[in-house]
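The next block holds one structure in the form of structure tokens; read it before the comments.
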Amino acid sequence: MSEQERYRPRFMEIPSFMRMPIIRDPSEADVVMAGIPFDLAVTNRPGARHGPRQVRDMSSFMRATHHASHITPARLCRIGDIGDTPIDLFSIERSVDGIERFYRDIHAAGATPLSVGGDHLSTLPILRAIARERPVGLVHFDAHCDTGGPYMGTALHHGATFKLAAEEGLLDPQRTIQIGIRGSLNDEHMWQFSYDSGMRVIAIEEFHEMGADAVIEEARRVAGDGPTYISFDVDGLDPVYAPGTGTPEAGGFTMFEAQRMIRGLRGLDLIGADVVEVSPPFDPSGNTALNAATILFEILCVTSEAVARRL
């Protein structure tokens, strides 16, 4: 972005993620940002299909340089917004297949994907596209483990994403950490797969006992030196920060705690990330989307450094 473009009023022009250039060919960027307007796999409140559009709009509040780390992502690598994935409004299976094909093209171009959903099943086709060669590690911020079994006879839903990914060999459970888990359960063993497979689960009570700094160190220990993906469900935040989501759970971490934790992942071998479950109809203020855009910028900063090291 030129100096002249950077200082244009933020309400002008077609909104792209953080006013990055709009591209059509993934080979034009090192970090490709994309929206996934898909919410057919939710088990409660819908509306996340509208998330990417509102997050794009609110992301115009993000500026070029991070105030604390002094990272300027666009100086480290080429970044572009490639638009939205294809979806089929009437089929989960066809939508998932289309999303996977979309990300295969991004992966084949050698670009690193940074995505905005959409519900959390969206992460599965991304991992199918970028983790076929080897299982990857995961730093997962969420109120829910999303390692459940079939729901109402359906295997593909947003509460089963990481169980399916682990079973398909896309995710290394031993290098997976899930942070902020809480909320009542219909079945006390709902998230048992996480524990049985060796995932590190940090419930919100343990999060507060440990403190954010210790949680960061634990995340770095679990992820290790291998390729790692970040998935951030906005319902990991307390609902005072993110009321616009499908399955809100009281008692979550704060925005600043989330920002600190993402900044603490600086230096990991990050190969992609997403921010999911923004449902604008449940937050007329737009604050959920603004906070999601802020998290997206934090992730972009640490990811752009990782990408630059690989260039």
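Residue numbering restarts at 1 in every chain; chains get A, B, ... in the order shown in the structure tokens, and ligands count up from 1 in that same order.
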
With DSSP run on the backbone, what are the strand (DSSP E or B) residues within stretch 119-308 of chain A? I'd like them as an MDAnalysis selection string. chainID A and resid 136:141 151 154 171:181 200:203 227:233 237 253 269:276

Each stretch 40-125 of chain A residue no farther than 10 Å from stretch 215-238 of chain A, nearest pair in Å, only C-alpha atoms, as a tab-separated table:
residue	atom	partner	partner_atom	distance
A:Pro113	CA	A:Tyr229	CA	10.0
A:Leu114	CA	A:Ile230	CA	9.4
A:Ser115	CA	A:Ser231	CA	9.4
A:Val116	CA	A:Phe232	CA	9.6
A:Gly117	CA	A:Asp233	CA	9.3
A:Asp119	CA	A:Asp233	CA	8.7
A:His120	CA	A:Asp233	CA	7.2
A:Thr123	CA	A:Ser231	CA	7.6

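Shortest atom-to-atom contact with A:Thr254 among A:Ile204, A:Met62, A:Leu311, A:Ile271: A:Ile204, counting only C-alpha atoms.
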
Point out the residue among A:Val139, A:Met190, A:Ile295, A:Ala64 with the least atom-to-atom distance to A:Asp172, counting only C-alpha atoms.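 So, comparing all the options, the nearest one is A:Val139.
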
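Counting only C-alpha atoms, the residue from A:Glu188, A:Ser60, A:Ala165, A:Ala308 that sits nearest to A:Arg134 is A:Ala165.
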
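Selecting helix (DSSP H, G or I) from the backbone DSSP output for stretch 221-250 of chain A yields Arg221, Val222, Ala223, Val234, Asp235 and Gly236 of chain A.
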
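The spacing separating atom CA of A:Ile79 from atom CA of A:Asn291 amounts to 20.7 Å.
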
Applying 12 Å and only C-alpha atoms, which residues near A:Arg49 remain after dropping the ones on its own chain fewer than 2 positions away? List them as number ranges by chain. A: 35-42, 45-47, 51-55, 84-89, 116-120, 122, 245-246, 276-281

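The nearest approach to A:Pro135 among the residues A:Ser95, A:Glu205, A:Gly159, A:Thr176, with only C-alpha atoms taken into account, belongs to A:Thr176.
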